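Structure data (CSV, C-alpha atoms) from query.csv:
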```
chain,number,residue,atom,x,y,z
A,7,MET,CA,109.1,45.1,141.4
A,8,TRP,CA,107.5,43.8,144.6
A,9,VAL,CA,106.6,40.5,142.9
A,10,GLY,CA,110.1,40.3,141.3
A,11,LEU,CA,111.8,40.7,144.7
A,12,GLY,CA,109.5,38.0,146.1
A,13,ALA,CA,110.4,35.6,143.3
A,14,ALA,CA,114.1,36.1,143.9
A,15,VAL,CA,113.6,35.5,147.7
A,16,GLN,CA,111.5,32.4,147.1
A,17,THR,CA,114.0,31.0,144.6
A,18,TYR,CA,117.0,31.6,146.9
A,19,LEU,CA,115.3,29.9,149.9
A,20,CYS,CA,114.1,26.9,147.8
A,21,TRP,CA,117.6,26.5,146.5
A,22,THR,CA,118.9,26.7,150.1
A,23,ALA,CA,116.3,24.2,151.3
A,24,ALA,CA,117.2,21.8,148.5
A,25,VAL,CA,121.0,22.0,148.9
A,26,GLY,CA,120.9,22.2,152.7
A,27,ASP,CA,123.9,24.6,152.5
A,28,VAL,CA,124.9,28.0,151.3
A,29,VAL,CA,123.8,28.8,147.8
A,30,ASP,CA,126.6,28.9,145.3
A,31,HIS,CA,127.2,31.5,142.6
A,32,ALA,CA,125.0,29.8,140.0
A,33,GLY,CA,122.1,29.7,142.6
A,34,GLN,CA,122.6,33.4,143.4
A,35,VAL,CA,122.5,34.4,139.7
A,36,TYR,CA,119.5,32.2,139.0
A,37,SER,CA,117.6,33.7,141.9
A,38,ALA,CA,118.3,37.2,140.4
A,39,LEU,CA,117.2,35.9,137.0
A,40,ALA,CA,113.9,34.6,138.5
A,41,GLY,CA,113.3,38.0,140.1
A,42,PHE,CA,113.9,40.1,137.0
A,43,ALA,CA,111.9,37.7,134.8
A,44,ALA,CA,108.9,37.8,137.3
A,45,ALA,CA,109.1,41.6,137.5
A,46,GLY,CA,109.2,42.0,133.7
A,47,PHE,CA,106.4,39.5,133.1
A,48,TYR,CA,104.0,41.0,135.7
A,49,THR,CA,104.8,44.6,134.7
A,50,ILE,CA,103.7,43.9,131.1
A,51,TYR,CA,100.8,41.7,132.2
A,52,ARG,CA,99.4,44.3,134.5
A,53,ALA,CA,100.0,47.1,132.0
A,54,TYR,CA,97.9,45.2,129.5
A,55,GLY,CA,95.2,44.5,132.1
A,56,ALA,CA,95.1,48.1,133.0
A,57,ARG,CA,94.7,49.1,129.3
A,58,VAL,CA,91.8,46.6,128.9
A,59,ALA,CA,90.1,47.9,132.1
A,60,THR,CA,90.7,51.5,131.0
A,61,VAL,CA,92.4,52.3,134.3
A,62,PRO,CA,94.2,55.7,134.2
A,63,VAL,CA,97.8,54.4,134.1
A,64,GLN,CA,100.5,54.6,131.5
A,65,PRO,CA,100.6,51.1,129.9
A,66,ALA,CA,103.3,52.0,127.3
A,67,SER,CA,105.7,53.0,130.0
A,68,ARG,CA,105.0,49.9,132.0
A,69,VAL,CA,105.6,47.7,128.9
A,70,TRP,CA,108.9,49.4,128.3
A,71,VAL,CA,110.0,48.8,131.9
A,72,GLY,CA,108.8,45.2,131.7
A,73,ALA,CA,110.6,44.6,128.5
A,74,SER,CA,113.8,46.1,130.0
A,75,LEU,CA,113.6,43.8,133.0
A,76,LEU,CA,113.0,40.8,130.8
A,77,SER,CA,116.1,41.8,128.8
A,78,VAL,CA,118.1,41.8,132.0
A,79,ALA,CA,116.8,38.3,132.8
A,80,GLY,CA,117.9,37.1,129.4
A,81,ALA,CA,121.4,38.5,130.0
A,82,LEU,CA,121.6,36.7,133.3
A,83,LEU,CA,120.4,33.5,131.7
A,84,ALA,CA,123.3,33.7,129.2
A,85,THR,CA,125.8,33.5,132.1
A,86,LEU,CA,124.3,30.2,133.5
A,87,PRO,CA,124.9,26.6,132.4
A,88,VAL,CA,122.9,25.3,129.4
A,89,ALA,CA,120.9,23.1,131.7
A,90,PHE,CA,119.1,26.2,133.1
A,91,ALA,CA,117.9,27.2,129.6
A,92,PHE,CA,116.2,23.8,129.1
A,93,GLY,CA,114.7,24.0,132.6
A,94,LEU,CA,113.2,27.5,131.9
A,95,ALA,CA,111.9,26.5,128.4
A,96,VAL,CA,108.6,25.1,130.0
A,97,PRO,CA,107.6,28.3,131.9
A,98,THR,CA,108.7,30.5,129.0
A,99,THR,CA,106.4,28.5,126.6
A,100,VAL,CA,103.5,28.8,129.1
A,101,ALA,CA,104.1,32.5,129.5
A,102,ILE,CA,104.0,33.1,125.8
A,103,ALA,CA,100.8,31.0,125.4
A,104,TYR,CA,99.2,32.9,128.3
A,105,GLY,CA,100.2,36.3,126.8
A,106,ALA,CA,98.9,35.2,123.4
A,107,ALA,CA,95.6,34.1,124.9
A,108,ARG,CA,95.1,37.5,126.6
A,109,TYR,CA,96.1,39.4,123.5
A,110,PHE,CA,94.0,37.7,121.0
A,111,SER,CA,90.9,37.1,123.2
A,112,GLY,CA,90.9,40.2,125.4
A,113,ASN,CA,90.1,39.0,128.9
A,114,ALA,CA,87.7,36.3,127.6
A,115,ILE,CA,90.0,33.2,127.8
A,116,ALA,CA,93.4,33.6,129.5
A,117,PHE,CA,93.3,29.9,130.5
A,118,GLY,CA,89.9,30.4,132.2
A,119,LEU,CA,89.3,27.8,135.0
A,120,ALA,CA,92.9,26.5,134.8
A,121,LYS,CA,94.5,30.0,135.3
A,122,PRO,CA,95.4,29.8,139.0
A,123,PHE,CA,96.6,26.2,138.6
A,124,VAL,CA,98.8,27.0,135.6
A,125,LEU,CA,100.3,30.1,137.3
A,126,ALA,CA,101.0,28.1,140.5
A,127,ALA,CA,102.6,25.3,138.5
A,128,VAL,CA,104.8,27.8,136.6
A,129,TRP,CA,105.9,29.6,139.8
A,130,THR,CA,106.6,26.2,141.4
A,131,TRP,CA,108.6,25.1,138.4
A,132,VAL,CA,110.7,28.3,138.3
A,133,VAL,CA,111.4,28.9,142.0
A,134,ALA,CA,111.5,25.3,143.3
A,135,TYR,CA,111.8,22.6,140.6
A,136,VAL,CA,114.7,24.0,138.6
A,137,PRO,CA,116.8,24.8,141.7
A,138,SER,CA,116.1,21.4,143.4
A,139,ALA,CA,116.6,19.4,140.2
A,140,THR,CA,119.8,21.2,139.4
A,141,ALA,CA,121.2,21.0,142.9
A,142,THR,CA,120.3,17.4,143.7
A,143,ASP,CA,117.1,15.7,142.7
A,144,ALA,CA,113.5,16.9,142.5
A,145,ASP,CA,112.4,17.6,146.1
A,146,TRP,CA,108.8,16.6,146.0
A,147,PRO,CA,107.8,17.8,149.5
A,148,LEU,CA,109.3,21.2,148.6
A,149,LEU,CA,107.5,21.2,145.2
A,150,SER,CA,104.2,20.3,146.8
A,151,SER,CA,104.6,22.9,149.5
A,152,ARG,CA,105.3,25.7,147.1
A,153,PHE,CA,102.5,24.6,144.7
A,154,CYS,CA,100.0,24.8,147.6
A,155,PHE,CA,101.4,28.2,148.6
A,156,PHE,CA,101.3,29.7,145.2
A,157,LEU,CA,97.9,28.2,144.4
A,158,SER,CA,96.4,29.8,147.5
A,159,ILE,CA,97.8,33.2,146.5
A,160,GLY,CA,96.5,32.7,143.0
A,161,LEU,CA,93.0,31.8,144.1
A,162,ILE,CA,92.6,34.8,146.5
A,163,SER,CA,93.9,37.1,143.8
A,164,ASP,CA,91.4,35.7,141.3
A,165,TYR,CA,88.6,36.0,143.9
A,166,LYS,CA,89.5,39.7,144.4
A,167,ASP,CA,88.9,40.3,140.6
A,168,LYS,CA,85.8,38.1,140.5
A,169,LEU,CA,83.4,40.9,139.6
A,170,ARG,CA,85.7,42.5,137.0
A,171,ASP,CA,86.4,39.1,135.4
A,172,GLU,CA,82.7,38.3,135.2
A,173,LEU,CA,82.0,41.6,133.5
A,174,SER,CA,84.7,41.0,130.9
A,175,GLY,CA,83.4,37.4,130.3
A,176,LEU,CA,86.2,35.6,132.1
A,177,LYS,CA,85.0,32.7,134.3
A,178,THR,CA,87.9,31.7,136.6
A,179,PHE,CA,87.9,28.8,139.1
A,180,SER,CA,87.5,31.2,142.1
A,181,ALA,CA,84.2,32.5,140.5
A,182,HIS,CA,82.7,29.1,141.1
A,183,LEU,CA,83.4,29.2,144.9
A,184,SER,CA,81.4,31.0,147.5
A,185,ARG,CA,83.3,33.5,149.8
A,186,ARG,CA,83.3,30.9,152.6
A,187,GLY,CA,84.3,28.1,150.3
A,188,ALA,CA,87.2,30.1,148.8
A,189,SER,CA,88.3,31.1,152.2
A,190,VAL,CA,88.4,27.5,153.5
A,191,VAL,CA,90.3,26.3,150.4
A,192,CYS,CA,92.9,29.1,150.5
A,193,VAL,CA,93.5,28.6,154.3
A,194,ALA,CA,93.7,24.9,153.9
A,195,LEU,CA,96.3,25.2,151.1
A,196,MET,CA,98.5,27.5,153.2
A,197,LEU,CA,98.4,25.1,156.2
A,198,CYS,CA,99.2,22.1,153.9
A,199,SER,CA,102.1,24.1,152.5
A,200,ALA,CA,103.5,24.6,156.1
A,201,ILE,CA,103.0,20.9,157.0
A,202,LEU,CA,104.6,19.7,153.8
A,203,GLU,CA,107.6,22.0,154.3
A,204,VAL,CA,108.5,20.7,157.8
A,205,GLY,CA,106.6,17.4,158.0
A,206,GLU,CA,109.9,15.4,158.1
A,207,GLY,CA,112.5,15.9,160.8
A,208,GLU,CA,115.4,16.5,158.3
A,209,ARG,CA,113.4,19.4,156.8
A,210,TRP,CA,113.8,21.5,160.0
A,211,THR,CA,116.4,23.8,158.4
A,212,GLU,CA,116.5,27.6,158.5
A,213,ALA,CA,115.1,27.9,155.0
A,214,GLY,CA,112.4,25.2,155.6
A,215,LEU,CA,111.3,26.9,158.8
A,216,ALA,CA,111.2,30.3,157.1
A,217,LEU,CA,109.0,29.0,154.3
A,218,ALA,CA,106.7,27.1,156.7
A,219,SER,CA,106.3,30.2,159.0
A,220,THR,CA,105.4,32.3,156.0
A,221,SER,CA,102.6,29.8,155.1
A,222,VAL,CA,101.2,29.9,158.6
A,223,VAL,CA,101.1,33.7,158.4
A,224,GLY,CA,99.7,33.4,155.0
A,225,ALA,CA,96.7,31.4,156.4
A,226,ALA,CA,95.9,34.4,158.6
A,227,VAL,CA,96.4,36.9,155.8
A,228,VAL,CA,94.0,35.1,153.4
A,229,CYS,CA,91.5,34.5,156.2
A,230,TYR,CA,91.4,38.2,157.0
A,231,ALA,CA,91.0,39.1,153.3
A,232,PHE,CA,87.9,37.0,153.0
A,233,ARG,CA,86.4,38.2,156.2
A,234,GLN,CA,87.0,41.9,155.9
A,235,ASN,CA,87.0,42.5,152.1
A,236,PRO,CA,90.1,44.8,152.3
A,237,PRO,CA,91.0,47.4,149.6
A,238,THR,CA,93.2,46.6,146.6
A,239,TRP,CA,96.4,47.7,148.2
A,240,TYR,CA,96.1,44.9,150.8
A,241,TYR,CA,96.4,42.3,148.0
A,242,ASP,CA,99.2,44.1,146.3
A,243,LEU,CA,101.2,44.9,149.4
A,244,VAL,CA,100.3,42.3,152.0
A,245,VAL,CA,99.3,39.2,150.0
A,246,ASP,CA,102.1,39.6,147.5
A,247,GLY,CA,104.4,40.6,150.4
A,248,LEU,CA,104.1,37.0,151.6
A,249,LEU,CA,106.7,36.1,148.9
A,250,ILE,CA,109.2,38.4,150.6
A,251,LEU,CA,108.2,37.6,154.2
A,252,ALA,CA,110.0,34.3,154.0
A,253,GLY,CA,113.3,36.1,153.5
A,254,VAL,CA,112.6,38.2,156.6
A,255,PHE,CA,112.0,35.1,158.7
A,256,TYR,CA,115.1,33.4,157.2
A,257,THR,CA,117.3,36.4,158.1
A,258,GLY,CA,115.8,36.5,161.6
A,259,ILE,CA,116.4,32.8,162.2
A,260,LEU,CA,120.1,33.1,161.1
A,261,ILE,CA,120.6,36.1,163.4
A,262,PHE,CA,119.0,34.6,166.5
A,263,THR,CA,120.1,31.0,166.2
```

Target format C-alpha cells, applied to this file:
Amino acid sequence: MWVGLGAAVQTYLCWTAAVGDVVDHAGQVYSALAGFAAAGFYTIYRAYGARVATVPVQPASRVWVGASLLSVAGALLATLPVAFAFGLAVPTTVAIAYGAARYFSGNAIAFGLAKPFVLAAVWTWVVAYVPSATATDADWPLLSSRFCFFLSIGLISDYKDKLRDELSGLKTFSAHLSRRGASVVCVALMLCSAILEVGEGERWTEAGLALASTSVVGAAVVCYAFRQNPPTWYYDLVVDGLLILAGVFYTGILIFT
C-alpha cells in the first residue's frame, strides 16, 4: 500500500507539472488507478518472492489482496477514455512478461541485468509519459527526470538484495557494482533528476519544485543507505517513502506560498 500511495502521488504531481494547472477529473481518476495498480502488482510480486525465499508470511493472503487491488484498478480504467487503455497496454505487457519470467524460472531470470532499467521505464511510462502525453505532449525533461529517480531507487533496492539474488542464481546489474560504485551512480541519478526537473526557468512550478526537492533528499537517503548498511525497514519505509515525500513537499509549498 505504501508503494501504491507513492505511485498515486507521483502520477498526480507529474500530471500537474505537465499541465501547469489543477488536475482535472480524468487526471485524478488516473492517479488513483496508478496507485491501485502499483499496490496490486507489488503485493503479488512480494508475496511470490516471500514464498520463494521461504519467509514466514502468508503469500496466499497477499495474492488475494493484490488481485483485489488490481480489480479496483481495472474498474477505474473502465471509467477513463479509451486513449488511456492504449497508453497502459505497454506496462501491462511488460508486467505480464516479468511475472511469467519469475514464475517459470523461479528467481533465475526475472529480466536479469535489465531489471532495474525495465522497472524504471515502466514506472516512468505509467506516472509521467501517459499523463504528459494525454495532457499536452510528451514532456521529455519530466520523463528523463522521473527515469533517473526511479532507476536510482531500483538500483539501491537491487543492491540491498544482492546476496539473496546471488544465492538464487540471479545476477542483477547492481551485483556488478562495488558498494562505492553503486553509491556514486545512485546519488548521481538523484541529482540529475533534480536538475532535469527545474533546469529551465518555466519549470519552477509547485509540482516541479516538489519533485526536485524529493530528488535532492533522495540523494542523501541513498548515500546514507550505502554508508551505514541500514536494516530492511529503512528501504521499505524511507527509500520507498521518497515516492510520497514529493506530495508532502507539494502540499507545504501550496500552503506557504

* Shell of 8 Å around A:Val136, all atoms listed in the file, local chain residues under 4 positions omitted, as a list in words ->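 Listing them by chain and then by number gives Phe90, Gly93, Leu94, Trp131, Val132 and Thr140 of chain A.
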
* Shell of 10 Å around stretch 145-156 of chain A, only C-alpha atoms, local chain residues under 3 positions omitted, as a ChimeraX atom specification -> /A:16,20,23-24,122-123,125-131,133-135,137-139,141-142,159-161,192-206,209,214,217-218,220-221,224-225,248-249

* Quick one, how far is atom CA of A:Ile162 from atom CA of A:Val191? -> 9.6 Å

* Asked: Smallest atom-to-atom distance to A:Val190: which of A:Ala216, A:Asp164, A:Trp21, A:Ser158, using only C-alpha atoms?
  ->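 Under the stated criterion, the closest residue is A:Ser158.
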